[in-house]
$ cat structure_19.txt   # compact mmCIF, C-alpha atoms and all ligand atoms
# COMPACT_ATOMS: atom_id res chain seq x y z
CA MET A 3 -17.71 -102.99 56.65
CA SER A 4 -16.94 -103.06 52.96
CA GLN A 5 -17.82 -106.20 51.04
CA THR A 6 -16.01 -105.16 47.92
CA ARG A 7 -12.78 -107.00 48.51
CA PHE A 8 -14.62 -110.33 48.68
CA ALA A 9 -15.29 -111.98 45.35
CA PRO A 10 -18.92 -113.10 44.85
CA ARG A 11 -18.92 -116.65 46.09
CA VAL A 12 -21.89 -118.91 46.86
CA PHE A 13 -21.78 -121.70 49.43
CA SER A 14 -24.59 -124.00 50.45
CA GLY A 15 -24.95 -127.39 52.06
CA ILE A 16 -27.45 -130.21 52.39
CA GLN A 17 -27.39 -132.95 55.01
CA PRO A 18 -26.92 -136.46 53.64
CA SER A 19 -29.52 -137.85 55.98
CA GLY A 20 -31.38 -139.77 53.30
CA GLY A 21 -34.34 -139.29 50.99
CA LEU A 22 -34.37 -136.37 48.54
CA THR A 23 -37.80 -134.98 47.71
CA LEU A 24 -39.27 -132.57 45.18
CA GLY A 25 -39.01 -130.06 48.02
CA ASN A 26 -35.22 -130.42 48.09
CA TYR A 27 -35.13 -130.22 44.32
CA LEU A 28 -37.19 -127.05 43.83
CA GLY A 29 -36.18 -125.38 47.11
CA ALA A 30 -32.46 -126.10 46.93
CA LEU A 31 -30.94 -128.09 44.04
CA LYS A 32 -32.66 -126.26 41.19
CA ARG A 33 -31.82 -122.90 42.75
CA PHE A 34 -28.20 -124.01 43.18
CA VAL A 35 -28.06 -124.93 39.50
CA ASP A 36 -29.56 -121.57 38.52
CA MET A 37 -26.92 -119.73 40.59
CA GLN A 38 -24.19 -121.86 39.02
CA ASP A 39 -25.44 -121.11 35.53
CA THR A 40 -25.70 -117.33 35.90
CA GLY A 41 -21.91 -117.27 35.95
CA ASP A 42 -22.10 -114.35 38.41
CA PHE A 43 -20.64 -116.37 41.26
CA GLU A 44 -18.13 -119.01 42.06
CA THR A 45 -20.35 -121.78 43.47
CA ILE A 46 -19.46 -124.33 46.13
CA TYR A 47 -21.92 -127.03 47.17
CA CYS A 48 -21.45 -129.44 50.02
CA MET A 49 -22.82 -132.64 51.49
CA VAL A 50 -22.58 -131.82 55.20
CA ASP A 51 -21.82 -135.26 56.62
CA LEU A 52 -20.24 -133.81 59.79
CA HIS A 53 -23.52 -132.04 60.50
CA ALA A 54 -25.48 -135.24 59.86
CA ILE A 55 -23.69 -137.09 62.68
CA THR A 56 -24.87 -134.56 65.28
CA VAL A 57 -27.69 -137.10 65.55
CA TRP A 58 -27.16 -140.85 65.19
CA GLN A 59 -26.44 -142.13 61.65
CA ASP A 60 -25.96 -145.74 60.72
CA PRO A 61 -22.48 -145.82 59.10
CA GLU A 62 -23.42 -147.77 55.95
CA LYS A 63 -26.53 -145.67 55.42
CA LEU A 64 -24.55 -142.46 55.88
CA ARG A 65 -22.08 -143.54 53.20
CA HIS A 66 -24.92 -144.52 50.87
CA ASN A 67 -26.86 -141.31 51.51
CA THR A 68 -23.81 -139.13 50.93
CA ARG A 69 -23.22 -140.72 47.53
CA GLU A 70 -26.91 -140.58 46.67
CA LEU A 71 -27.01 -136.88 47.53
CA ALA A 72 -23.95 -136.32 45.34
CA ALA A 73 -25.75 -138.19 42.54
CA GLY A 74 -28.78 -135.93 43.14
CA PHE A 75 -26.65 -132.81 42.80
CA ILE A 76 -25.02 -134.00 39.60
CA ALA A 77 -28.22 -135.37 38.03
CA SER A 78 -29.99 -132.07 38.80
CA GLY A 79 -27.40 -130.16 36.78
CA ILE A 80 -24.57 -129.28 39.14
CA ASP A 81 -21.57 -129.50 36.86
CA PRO A 82 -18.54 -130.57 38.90
CA GLU A 83 -16.32 -128.56 36.56
CA LYS A 84 -18.30 -125.33 36.99
CA SER A 85 -19.09 -125.77 40.69
CA VAL A 86 -16.95 -127.18 43.48
CA LEU A 87 -18.84 -130.23 44.78
CA ILE A 88 -17.61 -131.74 48.03
CA ASN A 89 -18.46 -133.71 51.08
CA GLN A 90 -17.57 -131.82 54.18
CA SER A 91 -15.42 -134.42 55.92
CA GLN A 92 -12.99 -134.52 52.97
CA VAL A 93 -12.11 -130.87 53.49
CA PRO A 94 -10.65 -130.81 57.01
CA GLU A 95 -10.50 -127.01 57.25
CA HIS A 96 -14.28 -126.93 57.88
CA ALA A 97 -13.87 -128.75 61.21
CA GLN A 98 -10.66 -126.88 62.02
CA LEU A 99 -12.24 -123.46 61.60
CA GLY A 100 -15.32 -124.83 63.37
CA TRP A 101 -13.21 -125.31 66.49
CA VAL A 102 -11.95 -121.74 66.33
CA PHE A 103 -15.55 -120.54 66.02
CA ASN A 104 -16.55 -122.66 69.03
CA CYS A 105 -14.24 -120.32 70.92
CA VAL A 106 -15.75 -117.20 69.35
CA ALA A 107 -19.45 -118.04 69.65
CA ARG A 108 -21.07 -117.72 73.09
CA MET A 109 -23.10 -120.40 74.87
CA GLY A 110 -25.99 -117.95 75.14
CA TRP A 111 -26.10 -117.44 71.35
CA MET A 112 -26.27 -121.17 70.75
CA GLY A 113 -28.88 -121.71 73.42
CA ARG A 114 -31.21 -119.29 71.64
CA MET A 115 -31.19 -121.19 68.33
CA THR A 116 -34.71 -122.44 67.64
CA GLN A 117 -33.42 -125.49 65.73
CA TRP A 118 -31.42 -126.51 68.81
CA LYS A 119 -34.46 -126.05 71.02
CA ASP A 120 -36.68 -128.02 68.63
CA LYS A 121 -34.24 -130.87 68.08
CA ALA A 122 -32.93 -131.22 71.62
CA GLY A 123 -36.41 -130.74 73.08
CA LYS A 124 -36.85 -131.26 76.79
CA ASN A 125 -34.01 -133.73 76.86
CA ALA A 126 -31.10 -131.37 76.17
CA GLU A 127 -28.95 -133.32 78.66
CA LYS A 128 -29.00 -136.27 76.29
CA ALA A 129 -28.33 -134.29 73.08
CA SER A 130 -24.83 -134.45 71.61
CA LEU A 131 -22.44 -131.58 72.19
CA GLY A 132 -22.14 -131.47 68.39
CA LEU A 133 -25.84 -130.69 68.03
CA PHE A 134 -25.35 -127.65 70.27
CA ALA A 135 -22.31 -126.53 68.27
CA TYR A 136 -24.01 -127.24 64.90
CA PRO A 137 -24.44 -123.54 63.94
CA SER A 138 -20.81 -122.79 64.68
CA LEU A 139 -19.67 -125.50 62.24
CA MET A 140 -22.15 -124.12 59.73
CA ALA A 141 -20.57 -120.68 60.08
CA ALA A 142 -17.20 -122.31 59.45
CA ASP A 143 -18.53 -124.06 56.30
CA ILE A 144 -19.42 -120.67 54.89
CA LEU A 145 -16.58 -118.50 56.16
CA VAL A 146 -13.76 -120.91 55.40
CA TYR A 147 -14.47 -119.93 51.76
CA HIS A 148 -15.12 -116.26 52.53
CA ALA A 149 -18.48 -116.98 50.88
CA THR A 150 -20.60 -113.88 50.32
CA HIS A 151 -23.98 -115.44 49.45
CA VAL A 152 -25.75 -118.44 50.97
CA PRO A 153 -28.98 -119.79 49.42
CA VAL A 154 -31.03 -121.56 52.11
CA GLY A 155 -34.58 -122.15 53.26
CA GLU A 156 -36.40 -119.85 55.65
CA ASP A 157 -35.63 -122.24 58.54
CA GLN A 158 -31.90 -121.50 58.26
CA LYS A 159 -32.21 -117.72 58.54
CA GLN A 160 -31.34 -117.67 62.24
CA HIS A 161 -28.21 -119.75 61.62
CA LEU A 162 -27.08 -117.25 59.00
CA GLU A 163 -27.59 -114.37 61.39
CA LEU A 164 -25.38 -116.24 63.83
CA THR A 165 -22.80 -116.66 61.06
CA ARG A 166 -22.78 -112.88 60.67
CA ASP A 167 -22.45 -112.46 64.44
CA ILE A 168 -19.47 -114.81 64.54
CA ALA A 169 -17.75 -113.00 61.64
CA THR A 170 -18.40 -109.63 63.27
CA LYS A 171 -17.12 -110.72 66.68
CA PHE A 172 -14.02 -112.35 65.20
CA ASN A 173 -13.22 -109.26 63.13
CA HIS A 174 -13.82 -107.01 66.13
CA ASP A 175 -11.94 -109.10 68.74
CA TYR A 176 -8.84 -109.38 66.55
CA GLY A 177 -9.12 -105.93 64.99
CA VAL A 178 -9.23 -107.24 61.44
CA ASP A 179 -11.52 -107.10 58.42
CA PHE A 180 -10.99 -110.72 57.58
CA PHE A 181 -14.33 -112.53 57.39
CA PRO A 182 -17.11 -111.21 55.12
CA ILE A 183 -20.59 -110.49 56.47
CA THR A 184 -22.50 -113.06 54.46
CA GLU A 185 -25.82 -112.34 52.71
CA PRO A 186 -28.56 -114.94 53.07
CA VAL A 187 -30.48 -115.68 49.86
CA ILE A 188 -33.75 -116.97 51.30
CA GLU A 189 -36.05 -119.06 49.13
CA GLY A 190 -39.33 -117.46 48.11
CA ALA A 191 -42.74 -118.95 48.88
CA ALA A 192 -42.94 -120.20 45.30
CA THR A 193 -40.22 -122.78 45.84
CA ARG A 194 -41.41 -123.91 49.26
CA VAL A 195 -43.05 -127.20 48.43
CA MET A 196 -45.78 -128.43 50.75
CA SER A 197 -47.10 -131.92 51.50
CA LEU A 198 -49.41 -133.40 48.85
CA ARG A 199 -51.73 -134.54 51.68
CA ASP A 200 -51.76 -131.33 53.75
CA GLY A 201 -51.03 -127.95 52.19
CA SER A 202 -50.06 -126.43 55.53
CA LYS A 203 -47.13 -128.79 56.16
CA LYS A 204 -43.78 -128.75 54.40
CA MET A 205 -43.10 -131.72 52.09
CA SER A 206 -40.78 -133.87 54.15
CA LYS A 207 -38.85 -137.09 53.83
CA SER A 208 -39.83 -137.90 57.41
CA ASP A 209 -43.61 -137.72 56.86
CA PRO A 210 -44.95 -141.24 57.57
CA SER A 211 -47.10 -141.10 54.41
CA ASP A 212 -45.09 -141.70 51.22
CA ALA A 213 -48.05 -140.29 49.26
CA SER A 214 -47.35 -136.91 50.87
CA ARG A 215 -44.16 -136.42 48.87
CA ILE A 216 -42.50 -136.99 45.52
CA ASN A 217 -39.11 -138.60 46.00
CA MET A 218 -36.38 -137.82 43.51
CA THR A 219 -35.95 -141.56 43.07
CA ASP A 220 -39.66 -142.18 42.24
CA ASP A 221 -40.30 -143.55 38.76
CA ALA A 222 -42.64 -141.92 36.24
CA ASP A 223 -45.73 -143.99 37.18
CA THR A 224 -45.31 -143.29 40.88
CA ILE A 225 -44.90 -139.55 40.30
CA ALA A 226 -48.01 -139.41 38.11
CA LYS A 227 -50.06 -141.47 40.58
CA LYS A 228 -49.08 -139.32 43.58
CA ILE A 229 -50.05 -136.13 41.74
CA ARG A 230 -53.38 -137.62 40.67
CA LYS A 231 -54.11 -138.51 44.29
CA ALA A 232 -52.90 -135.22 45.77
CA LYS A 233 -55.41 -133.56 48.07
CA THR A 234 -57.32 -130.65 46.48
CA ASP A 235 -60.52 -128.71 46.97
CA PRO A 236 -63.55 -129.00 44.65
CA GLU A 237 -63.20 -125.53 43.06
CA ALA A 238 -61.77 -124.78 39.62
CA LEU A 239 -58.45 -122.91 39.42
CA PRO A 240 -58.74 -119.12 39.74
CA SER A 241 -57.39 -116.90 37.00
CA GLU A 242 -55.29 -114.75 39.36
CA ALA A 243 -52.96 -115.47 42.30
CA ASP A 244 -55.34 -113.70 44.71
CA GLY A 245 -57.85 -116.48 44.21
CA LEU A 246 -55.45 -119.00 45.81
CA LYS A 247 -55.85 -117.39 49.22
CA ASP A 248 -57.00 -119.92 51.81
CA ARG A 249 -56.59 -122.72 49.29
CA PRO A 250 -53.23 -124.15 50.46
CA GLU A 251 -53.45 -127.39 48.44
CA ALA A 252 -54.41 -125.61 45.22
CA ARG A 253 -51.70 -123.03 45.79
CA ASN A 254 -49.11 -125.75 46.35
CA LEU A 255 -49.87 -127.52 43.07
CA VAL A 256 -49.81 -124.23 41.16
CA ASN A 257 -46.51 -123.26 42.82
CA ILE A 258 -44.98 -126.60 41.87
CA TYR A 259 -46.14 -126.13 38.28
CA ALA A 260 -44.75 -122.58 38.16
CA ALA A 261 -41.37 -123.56 39.62
CA MET A 262 -40.93 -126.47 37.22
CA ALA A 263 -42.08 -124.56 34.15
CA ASN A 264 -40.02 -121.47 35.13
CA MET A 265 -43.22 -119.44 35.03
CA SER A 266 -44.80 -117.02 37.50
CA VAL A 267 -47.95 -118.08 39.35
CA ASP A 268 -49.91 -115.49 37.37
CA GLN A 269 -48.63 -116.89 34.10
CA VAL A 270 -49.71 -120.40 35.12
CA LEU A 271 -53.15 -119.12 36.09
CA ALA A 272 -53.50 -117.13 32.90
CA GLU A 273 -53.13 -120.45 31.10
CA HIS A 274 -55.00 -122.77 33.45
CA GLY A 275 -57.48 -120.47 35.23
CA GLY A 276 -60.98 -122.00 35.13
CA ALA A 277 -59.61 -125.54 34.72
CA GLN A 278 -60.76 -128.27 37.10
CA PHE A 279 -58.16 -130.36 38.90
CA GLY A 280 -59.24 -133.24 36.67
CA THR A 281 -57.46 -131.45 33.80
CA PHE A 282 -54.79 -129.54 35.71
CA LYS A 283 -53.41 -132.55 37.56
CA PRO A 284 -52.58 -134.56 34.41
CA ALA A 285 -50.83 -131.46 32.98
CA LEU A 286 -48.85 -131.12 36.19
CA ALA A 287 -48.05 -134.84 36.23
CA ASP A 288 -46.74 -134.66 32.64
CA LEU A 289 -44.56 -131.69 33.52
CA ALA A 290 -43.25 -133.34 36.69
CA VAL A 291 -42.44 -136.58 34.91
CA ALA A 292 -40.73 -134.77 32.03
CA HIS A 293 -38.66 -132.87 34.56
CA LEU A 294 -37.88 -135.51 37.16
CA ALA A 295 -37.71 -138.81 35.27
CA PRO A 296 -34.38 -137.95 33.55
CA ILE A 297 -32.99 -136.90 36.93
CA SER A 298 -33.97 -140.12 38.67
CA THR A 299 -32.61 -142.15 35.73
CA GLU A 300 -29.28 -140.34 35.92
CA MET A 301 -29.17 -140.78 39.70
CA ALA A 302 -29.71 -144.51 39.27
CA ARG A 303 -26.94 -144.66 36.66
CA LEU A 304 -24.49 -142.85 38.94
CA MET A 305 -25.41 -145.03 41.93
CA ASP A 306 -24.78 -148.11 39.83
CA ASP A 307 -21.04 -147.39 39.78
CA THR A 308 -20.13 -145.19 42.71
CA ALA A 309 -16.47 -144.95 41.65
CA GLU A 310 -17.34 -142.02 39.38
CA ILE A 311 -19.03 -140.18 42.28
CA ASP A 312 -16.07 -140.85 44.56
CA ARG A 313 -13.67 -139.47 41.93
CA ILE A 314 -15.75 -136.33 41.52
CA LEU A 315 -15.78 -135.78 45.30
CA ALA A 316 -12.03 -136.31 45.59
CA ARG A 317 -11.42 -133.79 42.83
CA GLY A 318 -13.87 -131.37 44.48
CA ALA A 319 -12.04 -131.66 47.79
CA GLU A 320 -8.75 -130.88 46.10
CA ARG A 321 -10.18 -127.75 44.47
CA ALA A 322 -11.86 -126.73 47.72
CA ARG A 323 -8.66 -127.03 49.72
CA ALA A 324 -6.89 -124.65 47.37
CA ILE A 325 -9.31 -122.06 48.82
CA THR A 326 -9.71 -123.24 52.42
CA ALA A 327 -6.10 -124.04 53.36
CA PRO A 328 -4.83 -120.46 52.84
CA ILE A 329 -7.85 -119.00 54.67
CA LEU A 330 -7.32 -121.31 57.66
CA LYS A 331 -3.60 -120.49 57.65
CA GLN A 332 -4.34 -116.77 57.77
CA THR A 333 -6.89 -117.35 60.54
CA TYR A 334 -4.26 -119.18 62.60
CA GLU A 335 -1.81 -116.33 62.04
CA ILE A 336 -4.39 -113.78 63.18
CA ILE A 337 -5.18 -115.67 66.39
CA GLY A 338 -1.55 -116.26 67.30
CA MET A 339 -0.79 -119.88 66.45
CA VAL A 340 2.87 -120.64 65.76
CA ALA A 341 3.11 -121.63 62.10
CA PRO A 342 5.01 -124.81 61.16
CA VAL A 343 8.49 -124.11 59.78
CA GLU A 344 9.05 -125.02 56.15
CA ALA A 345 10.75 -128.46 56.15
N1 LIG B 1 -28.09 -126.46 58.28
C1 LIG B 1 -28.38 -126.61 56.88
C2 LIG B 1 -29.72 -127.32 56.73
O1 LIG B 1 -30.07 -128.14 57.54
C3 LIG B 1 -27.30 -127.39 56.18
C4 LIG B 1 -26.00 -126.64 56.18
C5 LIG B 1 -24.87 -126.95 56.87
C6 LIG B 1 -25.73 -125.46 55.46
N2 LIG B 1 -23.87 -126.06 56.60
C7 LIG B 1 -24.37 -125.13 55.74
C8 LIG B 1 -26.50 -124.65 54.60
C9 LIG B 1 -23.79 -123.98 55.20
C10 LIG B 1 -25.90 -123.51 54.08
C11 LIG B 1 -24.56 -123.18 54.37
O2 LIG B 1 -30.41 -127.07 55.77

$ encode --input "structure_19.txt" --output "structure tokens"
Amino acid sequence: MSQTRFAPRVFSGIQPSGGLTLGNYLGALKRFVDMQDTGDFETIYCMVDLHAITVWQDPEKLRHNTRELAAGFIASGIDPEKSVLINQSQVPEHAQLGWVFNCVARMGWMGRMTQWKDKAGKNAEKASLGLFAYPSLMAADILVYHATHVPVGEDQKQHLELTRDIATKFNHDYGVDFFPITEPVIEGAATRVMSLRDGSKKMSKSDPSDASRINMTDDADTIAKKIRKAKTDPEALPSEADGLKDRPEARNLVNIYAAMANMSVDQVLAEHGGAQFGTFKPALADLAVAHLAPISTEMARLMDDTAEIDRILARGAERARAITAPILKQTYEIIGMVAPVEA
């Protein structure tokens, strides 16, 4: 199926479930900013609050976390004039197309999703129906914009394949070439940030140890202290990437340095090869503080008066709906809904 009639459009989403880490920044936000700034795509970024409530969310915390995530996007460099920045519930076409896709997707497809199996566990009977339908709403998020490219982490690959399956089945069932077959843009290993306490585990906001992660709201002292205390091995840094094999903690710190300095791992090692962690860690801490402190300061400023955030989201929703309303209308026409008469 030809992709050419679809304009290059990026869509991605993050759940406002609280606590942004360096992992979210390097793995998602910074990549989103880079895609925005290439100018090669129209970029649409979303706080997926409707996905968040597939598991219990305290209402006041959800509202706070949604605004804080918006502040994180903006402070990281998402320009609400260049990109469309929205929260999902303010653009009703996501949920409306989601329902249509619930009728396209098959129970069997959903049941095979590893995220469903992991999250529902043995107690699927007690999981919400929304958690089961989660990937179908995600497909709607993407396809309601006819988005062509979706930057996500490795863990979302299966959901994007399902998005392609839904588009293909819809196009086939109705004999149309209406939804694009979206390309995943999967993050590379270099931006996958691991725990500072265990180089084999992903850095996560839900790790019980706060020392395992750098939060985007941490101040300069906290960032520097966590990097100084990060787990390492006793060897000096190698001078080539090969030497990081079987040294997950060392590799993680070098990856973080490379991602923040916009350098390759080999470039970092060309500079720092032979250095002990006693010298490399302070260099990394300086870089991290220089990078993150302005972001956390700007987040705090935005959170101080949330009216500005709310205005930005309202404006984003308006711009989004200029795209989504016509696509939903055409979808309804294709599937045989009677259109409202012009009043
Ligand atoms: N499921 C994604 C995650 O947990 C979040 C998400 C929802 C998303 N809708 C999306 C990501 C659409 C990309 C595109 O990371």

$ residues_near_ligand --input "structure_19.txt" --ligand "ligand LIG 1 (chain B)" --cutoff "9 Å" --atoms "all atoms listed in the file" --output "ChimeraX atom specification"
/A:13-17,47-54,90,136-137,139-144,152-155,157-158,161-162

$ closest_residue --input "structure_19.txt" --among "A:Leu22, A:Val187, A:Val106, A:Ala9" --to "Ser206 of chain A" --atoms "only C-alpha atoms"
A:Leu22

$ residues_around --input "structure_19.txt" --residues "Thr45 of chain A" --least-positions-apart "4" --cutoff "7 Å" --atoms "all atoms listed in the file" --output "VMD selection string"
chain A and resid 11 to 13 38 85 to 86

$ closest_residue --input "structure_19.txt" --among "A:Ser214, A:Gln278, A:Thr333, A:Asn173" --to "Asp235 of chain A" --atoms "all atoms listed in the file"
A:Gln278

$ closest_atom_pairs --input "structure_19.txt" --of "segment 54-151 of chain A" --to "segment 217-224 of chain A" --cutoff "12 Å" --atoms "all atoms listed in the file" --output "tab-separated table"
residue	atom	partner	partner_atom	distance
A:Glu70	CA	A:Thr219	CA	9.8
A:Leu71	CA	A:Met218	CA	10.2
A:Ala73	CA	A:Met218	CA	10.7
A:Gly74	CA	A:Met218	CA	7.8
A:Phe75	CA	A:Met218	CA	11.0
A:Ala77	CA	A:Met218	CA	10.1
A:Ser78	CA	A:Met218	CA	9.8

$ closest_residue --input "structure_19.txt" --among "A:Ala129, A:Leu271, A:Ile325, A:Ile216" --to "Arg253 of chain A" --atoms "only C-alpha atoms"
A:Leu271

$ atom_distance --input "structure_19.txt" --atom1 "atom CA of Phe134 of chain A" --atom2 "atom CA of Leu164 of chain A"
13.1 Å

$ closest_residue --input "structure_19.txt" --among "A:Ala292, A:Asn67, A:Thr234, A:Ile336" --to "His174 of chain A" --atoms "all atoms listed in the file"
A:Ile336

$ atom_distance --input "structure_19.txt" --atom1 "atom CA of Ala295 of chain A" --atom2 "atom CA of Ile225 of chain A"
8.8 Å

$ closest_residue --input "structure_19.txt" --among "A:Lys124, A:Lys84, A:Lys171, A:Lys228" --to "Leu198 of chain A" --atoms "all atoms listed in the file"
A:Lys228

$ decode --input "structure_19.txt" --residues "segment 68-83 of chain A" --atoms "N, CA, C and O atoms" --output "CSV table (one decimal), in the first residue's frame"
chain,number,residue,atom,x,y,z
A,68,THR,N,-0.7,15.3,35.0
A,68,THR,CA,-0.9,15.7,33.6
A,68,THR,C,-0.3,17.0,33.4
A,68,THR,O,0.5,17.2,32.4
A,69,ARG,N,-0.5,17.9,34.3
A,69,ARG,CA,0.1,19.3,34.1
A,69,ARG,C,1.6,19.2,34.3
A,69,ARG,O,2.4,19.8,33.5
A,70,GLU,N,2.1,18.3,35.2
A,70,GLU,CA,3.6,18.2,35.4
A,70,GLU,C,4.2,17.6,34.1
A,70,GLU,O,5.3,18.1,33.7
A,71,LEU,N,3.5,16.7,33.5
A,71,LEU,CA,4.1,16.1,32.3
A,71,LEU,C,4.1,17.1,31.2
A,71,LEU,O,5.1,17.2,30.4
A,72,ALA,N,3.0,17.9,31.1
A,72,ALA,CA,3.0,19.0,30.1
A,72,ALA,C,4.2,20.0,30.4
A,72,ALA,O,4.9,20.4,29.4
A,73,ALA,N,4.4,20.3,31.6
A,73,ALA,CA,5.5,21.2,32.0
A,73,ALA,C,6.9,20.5,31.6
A,73,ALA,O,7.8,21.2,31.1
A,74,GLY,N,7.0,19.2,31.7
A,74,GLY,CA,8.2,18.5,31.3
A,74,GLY,C,8.4,18.5,29.8
A,74,GLY,O,9.5,18.8,29.4
A,75,PHE,N,7.3,18.4,29.1
A,75,PHE,CA,7.4,18.5,27.6
A,75,PHE,C,8.0,19.9,27.2
A,75,PHE,O,8.9,20.0,26.5
A,76,ILE,N,7.3,20.9,27.8
A,76,ILE,CA,7.6,22.3,27.4
A,76,ILE,C,9.1,22.7,27.8
A,76,ILE,O,9.9,23.2,27.1
A,77,ALA,N,9.4,22.3,29.1
A,77,ALA,CA,10.7,22.6,29.6
A,77,ALA,C,11.8,21.9,28.9
A,77,ALA,O,12.9,22.4,28.7
A,78,SER,N,11.5,20.7,28.3
A,78,SER,CA,12.5,20.0,27.6
A,78,SER,C,12.7,20.5,26.2
A,78,SER,O,13.7,20.1,25.5
A,79,GLY,N,11.8,21.4,25.7
A,79,GLY,CA,12.1,22.0,24.4
A,79,GLY,C,10.9,21.8,23.4
A,79,GLY,O,11.1,22.2,22.2
A,80,ILE,N,9.9,21.1,23.8
A,80,ILE,CA,8.7,21.1,22.9
A,80,ILE,C,8.1,22.5,22.8
A,80,ILE,O,7.7,23.0,23.9
A,81,ASP,N,8.1,23.0,21.7
A,81,ASP,CA,7.6,24.4,21.4
A,81,ASP,C,6.1,24.2,21.0
A,81,ASP,O,5.8,23.7,19.9
A,82,PRO,N,5.2,24.7,21.8
A,82,PRO,CA,3.8,24.5,21.5
A,82,PRO,C,3.3,25.2,20.3
A,82,PRO,O,2.2,25.0,19.8
A,83,GLU,N,4.1,26.0,19.7
A,83,GLU,CA,3.8,26.6,18.4
A,83,GLU,C,4.2,25.6,17.3
A,83,GLU,O,3.5,25.5,16.3
